[in-house]
Amino acid sequence: MILYPAIDLKDGKAVRLLRGDMNKSTVFNDSPIDQALSFVDQQCQWLHLVDLNGAFEGKPINADIVEDITKKCKIPIQLGGGIRDIETIDMWLSKGLNRVILGTVAVENPSLVRLAANKYPGKIAVGIDARNGRVATDGWAKETNVWATELAKKYENDGVAAIIYTDIDRDGAMMGPNVIATAEMASAVSIPIIASGGVSSLSDLKALKECGAQLNGAISGRALYDQKFTIQQALDILNA
């Protein structure tokens with residue numbers, strides 16, 4: 001399994017939100033590039049970036065910072081937030097990102113996801129963010145009637161590289177991931193699943209590792225910032 005250290009970008013800074021609430025953010029680093037380089041120095045394998053402002057506004061907002069991180073960090077990087085058309089996908093992948101994450105459009109414009117996955121094999125992920133099992137869009141501000149697992153199944157044969165599954169109520173809350181729901185999704189589709197939301201300890205990572213379903217990896221943000229564990233300790237568990 002891969003550990004994906006998370007850097008959420010809001011107003012040019014690295015922050016973490018509590019349960020996706022933009023009004024409940026904590027700034028962890030005024031310099032996202034310094035934070036990214038710190039994670040790289042700790043031997044992480046990937047970086048997970050989210051343009052939070054972009055997710056709410058529907059277009060890239062923290063683009064200059066993302067570009068800077070992409071240029072200076074010589075490891076694979078994935079980005080979500082505000083990516084809603086093929087032109088934006090083209091732009092980001094041309095600038096060296098290894099993977100873009102499509103969330104809102106995965107619900108509202110499935111044909112775009114399929115077009116992008118066909119155009120860029122291995123570089124398109126779907127972000128499925130759920131509250132009580134149902135998908136939320138537009139930076140988690142809009143709740144839908146779409147069940148998370150059913151949305152995942154729609155992309156089973158479309159060449160999607162991964163699904164990032166986030167339990168919104170666990171995100172940033174340091175209360176553990178929703179292991180059961182994550183395992184259910186991983187068992188329902190053959191697409192690699194990346195767990196997100198709530199990882200707060202090494203025991204949480206071990207639970208995901210041993211959940212009974214094959215996961216691609218886990219995203220961790222606040223636990224790393226709060227020094228609940230190191231990247232190396234996490235890798236020791238995930239690679240065991």
# chains A, B, ... in the order shown; residues from 1 in each chain; ligands from 1
$ select_by_dssp --residues "segment 44-104 of chain A" --states "helix (DSSP H, G or I)" --output "ChimeraX atom specification"
/A:52-57,63-72,86-94,104
$ residues_around --residues "Gln232 of chain A" --least-positions-apart "2" --cutoff "10 Å" --atoms "only C-alpha atoms" --output "list in words"
Leu3, Gln42, Gln43, Cys44, Phe229, Thr230, Ala234, Leu235, Asp236, Ile237 and Leu238 of chain A
$ closest_residue --among "A:Lys142, A:Lys95, A:Arg170, A:Arg134" --to "Glu67 of chain A" --atoms "only C-alpha atoms"
A:Lys95
$ residues_around --residues "Ser200 of chain A" --least-positions-apart "3" --cutoff "9 Å" --atoms "only C-alpha atoms" --output "ChimeraX atom specification"
/A:172-177,203-205,220-224,228-229
$ residues_around --residues "Gln35 of chain A" --least-positions-apart "6" --cutoff "12 Å" --atoms "only C-alpha atoms" --output "ChimeraX atom specification"
/A:5-9,13-15,27-29,41-42,47-49,65,69,72-73,221,224-225
$ closest_residue --among "A:Gly133, A:Val199, A:Ala161, A:Leu93" --to "Ala148 of chain A" --atoms "only C-alpha atoms"
A:Gly133
$ atom_distance --atom1 "atom CA of Asn132 of chain A" --atom2 "atom CA of Ile164 of chain A"
16.3 Å
$ closest_residue --among "A:Pro60, A:Thr166, A:Ala106, A:Ser196" --to "Met91 of chain A" --atoms "only C-alpha atoms"
A:Pro60
$ atom_distance --atom1 "atom CA of Thr149 of chain A" --atom2 "atom CA of Ile219 of chain A"
19.0 Å
$ atom_distance --atom1 "atom CA of Phe39 of chain A" --atom2 "atom CA of Leu79 of chain A"
15.8 Å
$ closest_residue --among "A:Ala240, A:Ile191, A:Ala36, A:Val146" --to "Ala213 of chain A" --atoms "only C-alpha atoms"
A:Ile191
$ residues_around --residues "Ile83 of chain A" --least-positions-apart "2" --cutoff "8 Å" --atoms "only C-alpha atoms" --output "ChimeraX atom specification"
/A:54-55,58-60,80-81,85,88-89,100-102
$ select_by_dssp --residues "segment 17-233 of chain A" --states "strand (DSSP E)" --output "ChimeraX atom specification"
/A:17-18,21-29,47-51,77-80,99-102,124-131,134-137,142-147,162-167,193-196,217-220
$ closest_residue --among "A:Leu215, A:Ala181, A:Leu97, A:Val105" --to "Arg131 of chain A" --atoms "only C-alpha atoms"
A:Ala181
$ residues_around --residues "Asp68 of chain A" --least-positions-apart "5" --cutoff "12 Å" --atoms "only C-alpha atoms" --output "list in words"
Gly12, Ser31, Pro32, Ile33, Asp34, Ala36, Leu37, Asn62, Ala63, Cys73, Lys74, Ile77, Lys95, Gly96 and Leu97 of chain A
$ closest_residue --among "A:Glu156, A:Glu150, A:Asp64, A:Asp129" --to "Glu184 of chain A" --atoms "only C-alpha atoms"
A:Glu150
$ decode --residues "segment 127-165 of chain A" --atoms "N, CA and C atoms" --output "PDB file, in the first residue's frame"
ATOM      1  N   GLY A 127     -12.639  10.948  -7.544  1.00  0.00           N
ATOM      2  CA  GLY A 127     -12.783  11.222  -6.122  1.00  0.00           C
ATOM      3  C   GLY A 127     -14.228  11.053  -5.706  1.00  0.00           C
ATOM      4  N   ILE A 128     -14.479  10.114  -4.818  1.00  0.00           N
ATOM      5  CA  ILE A 128     -15.833   9.887  -4.311  1.00  0.00           C
ATOM      6  C   ILE A 128     -15.855  10.267  -2.843  1.00  0.00           C
ATOM      7  N   ASP A 129     -16.521  11.359  -2.560  1.00  0.00           N
ATOM      8  CA  ASP A 129     -16.602  11.904  -1.209  1.00  0.00           C
ATOM      9  C   ASP A 129     -18.015  11.676  -0.697  1.00  0.00           C
ATOM     10  N   ALA A 130     -18.145  10.986   0.427  1.00  0.00           N
ATOM     11  CA  ALA A 130     -19.467  10.571   0.876  1.00  0.00           C
ATOM     12  C   ALA A 130     -19.760  11.001   2.311  1.00  0.00           C
ATOM     13  N   ARG A 131     -20.999  11.323   2.528  1.00  0.00           N
ATOM     14  CA  ARG A 131     -21.507  11.601   3.864  1.00  0.00           C
ATOM     15  C   ARG A 131     -22.696  10.668   4.081  1.00  0.00           C
ATOM     16  N   ASN A 132     -22.596   9.793   5.079  1.00  0.00           N
ATOM     17  CA  ASN A 132     -23.627   8.782   5.334  1.00  0.00           C
ATOM     18  C   ASN A 132     -23.883   7.914   4.104  1.00  0.00           C
ATOM     19  N   GLY A 133     -22.806   7.638   3.370  1.00  0.00           N
ATOM     20  CA  GLY A 133     -22.904   6.739   2.232  1.00  0.00           C
ATOM     21  C   GLY A 133     -23.284   7.377   0.919  1.00  0.00           C
ATOM     22  N   ARG A 134     -23.722   8.638   0.965  1.00  0.00           N
ATOM     23  CA  ARG A 134     -24.147   9.323  -0.255  1.00  0.00           C
ATOM     24  C   ARG A 134     -23.100  10.360  -0.674  1.00  0.00           C
ATOM     25  N   VAL A 135     -22.964  10.508  -1.979  1.00  0.00           N
ATOM     26  CA  VAL A 135     -21.918  11.360  -2.539  1.00  0.00           C
ATOM     27  C   VAL A 135     -22.242  12.838  -2.327  1.00  0.00           C
ATOM     28  N   ALA A 136     -21.197  13.611  -1.995  1.00  0.00           N
ATOM     29  CA  ALA A 136     -21.301  15.068  -1.912  1.00  0.00           C
ATOM     30  C   ALA A 136     -20.386  15.675  -2.965  1.00  0.00           C
ATOM     31  N   THR A 137     -20.794  16.806  -3.534  1.00  0.00           N
ATOM     32  CA  THR A 137     -20.028  17.448  -4.598  1.00  0.00           C
ATOM     33  C   THR A 137     -19.779  18.920  -4.260  1.00  0.00           C
ATOM     34  N   ASP A 138     -19.124  19.627  -5.188  1.00  0.00           N
ATOM     35  CA  ASP A 138     -18.862  21.061  -5.051  1.00  0.00           C
ATOM     36  C   ASP A 138     -18.157  21.389  -3.738  1.00  0.00           C
ATOM     37  N   GLY A 139     -17.018  20.717  -3.535  1.00  0.00           N
ATOM     38  CA  GLY A 139     -16.281  20.954  -2.297  1.00  0.00           C
ATOM     39  C   GLY A 139     -17.021  20.438  -1.077  1.00  0.00           C
ATOM     40  N   TRP A 140     -17.815  19.390  -1.278  1.00  0.00           N
ATOM     41  CA  TRP A 140     -18.580  18.726  -0.222  1.00  0.00           C
ATOM     42  C   TRP A 140     -19.763  19.565   0.269  1.00  0.00           C
ATOM     43  N   ALA A 141     -20.039  20.663  -0.430  1.00  0.00           N
ATOM     44  CA  ALA A 141     -21.115  21.555   0.010  1.00  0.00           C
ATOM     45  C   ALA A 141     -22.491  21.070  -0.442  1.00  0.00           C
ATOM     46  N   LYS A 142     -22.537  20.265  -1.508  1.00  0.00           N
ATOM     47  CA  LYS A 142     -23.810  19.831  -2.081  1.00  0.00           C
ATOM     48  C   LYS A 142     -23.951  18.328  -1.927  1.00  0.00           C
ATOM     49  N   GLU A 143     -24.992  17.899  -1.246  1.00  0.00           N
ATOM     50  CA  GLU A 143     -25.232  16.471  -1.065  1.00  0.00           C
ATOM     51  C   GLU A 143     -26.166  15.960  -2.153  1.00  0.00           C
ATOM     52  N   THR A 144     -25.883  14.758  -2.647  1.00  0.00           N
ATOM     53  CA  THR A 144     -26.692  14.151  -3.698  1.00  0.00           C
ATOM     54  C   THR A 144     -27.403  12.915  -3.156  1.00  0.00           C
ATOM     55  N   ASN A 145     -28.192  12.299  -4.025  1.00  0.00           N
ATOM     56  CA  ASN A 145     -28.861  11.044  -3.661  1.00  0.00           C
ATOM     57  C   ASN A 145     -28.124   9.840  -4.222  1.00  0.00           C
ATOM     58  N   VAL A 146     -26.909  10.073  -4.693  1.00  0.00           N
ATOM     59  CA  VAL A 146     -26.121   9.000  -5.317  1.00  0.00           C
ATOM     60  C   VAL A 146     -25.347   8.244  -4.247  1.00  0.00           C
ATOM     61  N   TRP A 147     -25.490   6.923  -4.242  1.00  0.00           N
ATOM     62  CA  TRP A 147     -24.730   6.103  -3.298  1.00  0.00           C
ATOM     63  C   TRP A 147     -23.300   5.962  -3.787  1.00  0.00           C
ATOM     64  N   ALA A 148     -22.354   6.049  -2.865  1.00  0.00           N
ATOM     65  CA  ALA A 148     -20.933   6.044  -3.216  1.00  0.00           C
ATOM     66  C   ALA A 148     -20.537   4.793  -3.989  1.00  0.00           C
ATOM     67  N   THR A 149     -20.946   3.643  -3.506  1.00  0.00           N
ATOM     68  CA  THR A 149     -20.551   2.390  -4.161  1.00  0.00           C
ATOM     69  C   THR A 149     -21.153   2.278  -5.555  1.00  0.00           C
ATOM     70  N   GLU A 150     -22.378   2.745  -5.722  1.00  0.00           N
ATOM     71  CA  GLU A 150     -23.011   2.691  -7.041  1.00  0.00           C
ATOM     72  C   GLU A 150     -22.279   3.585  -8.032  1.00  0.00           C
ATOM     73  N   LEU A 151     -21.806   4.742  -7.563  1.00  0.00           N
ATOM     74  CA  LEU A 151     -21.039   5.621  -8.444  1.00  0.00           C
ATOM     75  C   LEU A 151     -19.739   4.944  -8.868  1.00  0.00           C
ATOM     76  N   ALA A 152     -19.080   4.288  -7.945  1.00  0.00           N
ATOM     77  CA  ALA A 152     -17.836   3.584  -8.272  1.00  0.00           C
ATOM     78  C   ALA A 152     -18.074   2.531  -9.347  1.00  0.00           C
ATOM     79  N   LYS A 153     -19.161   1.808  -9.229  1.00  0.00           N
ATOM     80  CA  LYS A 153     -19.454   0.734 -10.179  1.00  0.00           C
ATOM     81  C   LYS A 153     -19.663   1.265 -11.595  1.00  0.00           C
ATOM     82  N   LYS A 154     -20.127   2.497 -11.718  1.00  0.00           N
ATOM     83  CA  LYS A 154     -20.378   3.073 -13.043  1.00  0.00           C
ATOM     84  C   LYS A 154     -19.099   3.201 -13.863  1.00  0.00           C
ATOM     85  N   TYR A 155     -17.949   3.271 -13.165  1.00  0.00           N
ATOM     86  CA  TYR A 155     -16.688   3.479 -13.865  1.00  0.00           C
ATOM     87  C   TYR A 155     -15.833   2.206 -13.929  1.00  0.00           C
ATOM     88  N   GLU A 156     -16.457   1.087 -13.648  1.00  0.00           N
ATOM     89  CA  GLU A 156     -15.728  -0.174 -13.563  1.00  0.00           C
ATOM     90  C   GLU A 156     -14.918  -0.488 -14.819  1.00  0.00           C
ATOM     91  N   ASN A 157     -15.464  -0.196 -15.982  1.00  0.00           N
ATOM     92  CA  ASN A 157     -14.818  -0.599 -17.234  1.00  0.00           C
ATOM     93  C   ASN A 157     -14.337   0.574 -18.072  1.00  0.00           C
ATOM     94  N   ASP A 158     -14.027   1.679 -17.426  1.00  0.00           N
ATOM     95  CA  ASP A 158     -13.693   2.897 -18.165  1.00  0.00           C
ATOM     96  C   ASP A 158     -12.234   3.316 -18.062  1.00  0.00           C
ATOM     97  N   GLY A 159     -11.396   2.463 -17.483  1.00  0.00           N
ATOM     98  CA  GLY A 159      -9.978   2.780 -17.444  1.00  0.00           C
ATOM     99  C   GLY A 159      -9.562   3.766 -16.377  1.00  0.00           C
ATOM    100  N   VAL A 160     -10.398   3.956 -15.360  1.00  0.00           N
ATOM    101  CA  VAL A 160     -10.048   4.857 -14.252  1.00  0.00           C
ATOM    102  C   VAL A 160      -8.896   4.246 -13.451  1.00  0.00           C
ATOM    103  N   ALA A 161      -7.877   5.067 -13.165  1.00  0.00           N
ATOM    104  CA  ALA A 161      -6.667   4.562 -12.524  1.00  0.00           C
ATOM    105  C   ALA A 161      -6.872   4.242 -11.053  1.00  0.00           C
ATOM    106  N   ALA A 162      -7.736   5.007 -10.387  1.00  0.00           N
ATOM    107  CA  ALA A 162      -7.955   4.805  -8.951  1.00  0.00           C
ATOM    108  C   ALA A 162      -9.208   5.547  -8.531  1.00  0.00           C
ATOM    109  N   ILE A 163      -9.733   5.142  -7.394  1.00  0.00           N
ATOM    110  CA  ILE A 163     -10.817   5.873  -6.746  1.00  0.00           C
ATOM    111  C   ILE A 163     -10.331   6.306  -5.373  1.00  0.00           C
ATOM    112  N   ILE A 164     -10.433   7.596  -5.107  1.00  0.00           N
ATOM    113  CA  ILE A 164     -10.117   8.106  -3.769  1.00  0.00           C
ATOM    114  C   ILE A 164     -11.441   8.205  -3.026  1.00  0.00           C
ATOM    115  N   TYR A 165     -11.598   7.355  -2.023  1.00  0.00           N
ATOM    116  CA  TYR A 165     -12.854   7.321  -1.273  1.00  0.00           C
ATOM    117  C   TYR A 165     -12.680   8.026   0.071  1.00  0.00           C
TER     118      TYR A 165
END
